[in-house]
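Asks: Just dropping this structure here.
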Amino acid sequence: ARTGYDALEQNPDGSALTVAPGYEKPDSGATTNFVGNHMTQGAIDLVQNELTRPDPDDDTRMARLDAARGIKRMPPRLLAPDEVPDEVPRTPPTTNPTTRPVERYAWADDVNELVVVVRLGDLLGVPADMEGAEVTSEPGGGGEREPRTPLVVVIPDVGGGTDSPTSGLSSSVLTLRLAGGIDEWTMVNSKDEVRLAMVKSE
């Protein structure tokens with residue numbers, strides 16, 4: 001007691017006590033934030049885990065995307081000997097290189113109506129005749145084994161060298177594969193956009 005020592009940290013001779021792991025005295029001072037640092041790191045770990053975990057709805061999203069694109073994925077199967085071709089045929093060259101798919105458009109899905117809008121700017125600089133657009137195929141079929149016929153909108157190019165957009169030459173084509181049927185549709189054309197409103201079947 002004459003020399004003065006901390007009985008919690010020192011022996012009577014002044015030497016440091018041997019402290020069991022986990023019972024060390026934390027550093028103290030103006031810049032020490034032991035609890036706050038650990039709480040912050042814990043929050044960071046939770047956020048990182050949330051951002052990096054797999055999306056549980058990934059398969060559902062991909063299935064909806066494939067259905068919108070008209071892609072039907074079949075499981076792998078073993079071909080019979082008579083089904084294996086002797087030589088893989090080459091893909092024939094396209095006979096209609098001036099037909100382009102419309103990949104950018106706006107749409108709105110209401111309770112009873114589906115609206116699709118294709119703007120001139122969505123065609124990426126193609127000089128399209130928006131006022132000459134036509135619907136060349138309407139939805140039909142859609143039985144248990146029969147796929148539903150898609151709705152096809154053809155937008156001809158300006159001066160594309162064709163008298164009718166239904167010929168499919170020098171044009172942009174929007175193909176819509178709808179999950180349900182429609183009772184009627186209305187298309188409003190202007191020089192800047194094509195607006196297609198479809199009434200859903202009940």
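Ordering of the structure tokens sets the chain letters (A, B, ...); residue numbers start at 1 within each chain; ligands are numbered from 1 in the order shown.
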As a list of chain:residue names, please: the residues near segment 174-185 of chain A (cut-off 7 Å, only C-alpha atoms, same-chain neighbours under 3 positions excluded).
Replies: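 That gives A:Ala68, A:Gly70, A:Pro101, A:Val102, A:Pro139, A:Pro150, A:Leu151, A:Val152, A:Val153, A:Val154, A:Leu196, A:Ala197, A:Met198, A:Val199, A:Lys200, A:Ser201.
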Asks: Among segment 68-137 of chain A, which residues does DSSP mark as strand (DSSP E) when it is run on the backbone? Keep the chain and numbering as in the structure and answer as an mmCIF file with N, CA, C and O atoms, in the first residue's frame.
Replies:
data_model
loop_
_atom_site.group_PDB
_atom_site.id
_atom_site.type_symbol
_atom_site.label_atom_id
_atom_site.label_comp_id
_atom_site.auth_asym_id
_atom_site.auth_seq_id
_atom_site.Cartn_x
_atom_site.Cartn_y
_atom_site.Cartn_z
ATOM 1 N N THR A 99 -34.929 -6.725 -92.042
ATOM 2 C CA THR A 99 -35.970 -6.751 -91.017
ATOM 3 C C THR A 99 -35.311 -6.772 -89.642
ATOM 4 O O THR A 99 -34.514 -7.656 -89.354
ATOM 5 N N ARG A 100 -35.653 -5.795 -88.813
ATOM 6 C CA ARG A 100 -35.017 -5.657 -87.495
ATOM 7 C C ARG A 100 -36.066 -5.805 -86.393
ATOM 8 O O ARG A 100 -37.171 -5.268 -86.510
ATOM 9 N N PRO A 101 -35.728 -6.507 -85.305
ATOM 10 C CA PRO A 101 -36.678 -6.591 -84.187
ATOM 11 C C PRO A 101 -36.672 -5.302 -83.377
ATOM 12 O O PRO A 101 -35.654 -4.650 -83.227
ATOM 13 N N ALA A 106 -42.179 0.955 -74.535
ATOM 14 C CA ALA A 106 -42.795 1.172 -73.223
ATOM 15 C C ALA A 106 -44.127 0.430 -73.171
ATOM 16 O O ALA A 106 -44.798 0.263 -74.192
ATOM 17 N N TRP A 107 -44.497 -0.023 -71.974
ATOM 18 C CA TRP A 107 -45.766 -0.723 -71.836
ATOM 19 C C TRP A 107 -46.358 -0.460 -70.458
ATOM 20 O O TRP A 107 -45.643 -0.144 -69.515
ATOM 21 N N ALA A 108 -47.663 -0.568 -70.379
ATOM 22 C CA ALA A 108 -48.388 -0.398 -69.120
ATOM 23 C C ALA A 108 -49.471 -1.468 -69.050
ATOM 24 O O ALA A 108 -50.230 -1.660 -70.003
ATOM 25 N N ASP A 109 -49.514 -2.173 -67.934
ATOM 26 C CA ASP A 109 -50.460 -3.278 -67.751
ATOM 27 C C ASP A 109 -51.502 -2.859 -66.724
ATOM 28 O O ASP A 109 -51.202 -2.732 -65.541
ATOM 29 N N GLU A 113 -56.716 -3.590 -69.472
ATOM 30 C CA GLU A 113 -56.121 -3.123 -70.715
ATOM 31 C C GLU A 113 -54.603 -3.198 -70.651
ATOM 32 O O GLU A 113 -53.997 -2.993 -69.596
ATOM 33 N N LEU A 114 -54.006 -3.507 -71.778
ATOM 34 C CA LEU A 114 -52.556 -3.524 -71.936
ATOM 35 C C LEU A 114 -52.190 -2.535 -73.037
ATOM 36 O O LEU A 114 -52.725 -2.614 -74.136
ATOM 37 N N VAL A 115 -51.299 -1.603 -72.717
ATOM 38 C CA VAL A 115 -50.915 -0.557 -73.662
ATOM 39 C C VAL A 115 -49.421 -0.682 -73.967
ATOM 40 O O VAL A 115 -48.603 -0.789 -73.049
ATOM 41 N N VAL A 116 -49.077 -0.688 -75.248
ATOM 42 C CA VAL A 116 -47.687 -0.755 -75.703
ATOM 43 C C VAL A 116 -47.431 0.474 -76.576
ATOM 44 O O VAL A 116 -48.212 0.774 -77.480
ATOM 45 N N VAL A 117 -46.327 1.172 -76.295
ATOM 46 C CA VAL A 117 -45.977 2.379 -77.041
ATOM 47 C C VAL A 117 -44.563 2.223 -77.588
ATOM 48 O O VAL A 117 -43.629 1.933 -76.834
ATOM 49 N N VAL A 118 -44.429 2.397 -78.903
ATOM 50 C CA VAL A 118 -43.111 2.399 -79.556
ATOM 51 C C VAL A 118 -42.862 3.810 -80.070
ATOM 52 O O VAL A 118 -43.628 4.315 -80.897
ATOM 53 N N ARG A 119 -41.811 4.438 -79.565
ATOM 54 C CA ARG A 119 -41.483 5.795 -79.986
ATOM 55 C C ARG A 119 -40.396 5.760 -81.061
ATOM 56 O O ARG A 119 -39.624 4.801 -81.153
ATOM 57 N N GLU A 134 -48.512 -1.287 -89.177
ATOM 58 C CA GLU A 134 -49.680 -2.151 -89.275
ATOM 59 C C GLU A 134 -49.519 -3.354 -88.362
ATOM 60 O O GLU A 134 -48.396 -3.772 -88.062
ATOM 61 N N VAL A 135 -50.643 -3.899 -87.933
ATOM 62 C CA VAL A 135 -50.668 -5.168 -87.204
ATOM 63 C C VAL A 135 -50.885 -6.273 -88.221
ATOM 64 O O VAL A 135 -51.894 -6.292 -88.924
ATOM 65 N N THR A 136 -49.928 -7.182 -88.335
ATOM 66 C CA THR A 136 -49.984 -8.221 -89.363
ATOM 67 C C THR A 136 -50.396 -9.572 -88.815
ATOM 68 O O THR A 136 -50.655 -10.488 -89.585
ATOM 69 N N SER A 137 -50.443 -9.714 -87.502
ATOM 70 C CA SER A 137 -50.843 -10.989 -86.910
ATOM 71 C C SER A 137 -51.476 -10.710 -85.566
ATOM 72 O O SER A 137 -50.936 -9.960 -84.764
#
Asks: One decimal, in Å: what's the spacing between atom CA of Asp122 of chain A and atom CA of Glu103 of chain A?
Replies: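 If I compute the distance from atom CA of Asp122 of chain A to atom CA of Glu103 of chain A, I get 8.0 Å.
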Asks: With DSSP run on the backbone, what are the alpha helix (DSSP H) residues within segment 20-126 of chain A? I'd like them as a PyMOL selection string.
Replies: chain A and resi 34-52+58-69
Asks: Smallest atom-to-atom distance to Gly125 of chain A: which of A:Val194, A:Glu24, A:Asp157, A:Thr149, using only C-alpha atoms?
Replies: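 For Gly125 of chain A, the nearest of the candidates is A:Asp157.
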Asks: Do you have the atom CA of Ser190 of chain A-atom CA of Met130 of chain A distance handy?
Replies: 6.2 Å
Asks: Skipping near chain neighbours, those fewer than 5 positions away, what residues fall within 10 Å of Ala7 of chain A using only C-alpha atoms, listed as a ChimeraX atom specification?
Replies: /A:1,12,14,16-17
Asks: Could you save those same residues with N, CA and C atoms as a PDB file, in the first residue's frame?
Replies:
ATOM      1  N   ALA A   1       0.826  -1.190   0.000  1.00  0.00           N
ATOM      2  CA  ALA A   1       0.000   0.000   0.000  1.00  0.00           C
ATOM      3  C   ALA A   1       0.862   1.243   0.000  1.00  0.00           C
ATOM      4  N   PRO A  12       1.497  -7.262  -5.614  1.00  0.00           N
ATOM      5  CA  PRO A  12       2.047  -6.323  -4.621  1.00  0.00           C
ATOM      6  C   PRO A  12       3.445  -5.804  -4.946  1.00  0.00           C
ATOM      7  N   GLY A  14       4.346  -4.965  -7.855  1.00  0.00           N
ATOM      8  CA  GLY A  14       4.272  -4.064  -8.994  1.00  0.00           C
ATOM      9  C   GLY A  14       4.232  -4.747 -10.349  1.00  0.00           C
ATOM     10  N   ALA A  16       2.773  -7.090 -13.403  1.00  0.00           N
ATOM     11  CA  ALA A  16       1.421  -7.181 -13.959  1.00  0.00           C
ATOM     12  C   ALA A  16       0.807  -8.529 -13.663  1.00  0.00           C
ATOM     13  N   LEU A  17      -0.466  -8.545 -13.377  1.00  0.00           N
ATOM     14  CA  LEU A  17      -1.198  -9.785 -13.165  1.00  0.00           C
ATOM     15  C   LEU A  17      -1.377 -10.536 -14.481  1.00  0.00           C
TER      16      LEU A  17
END
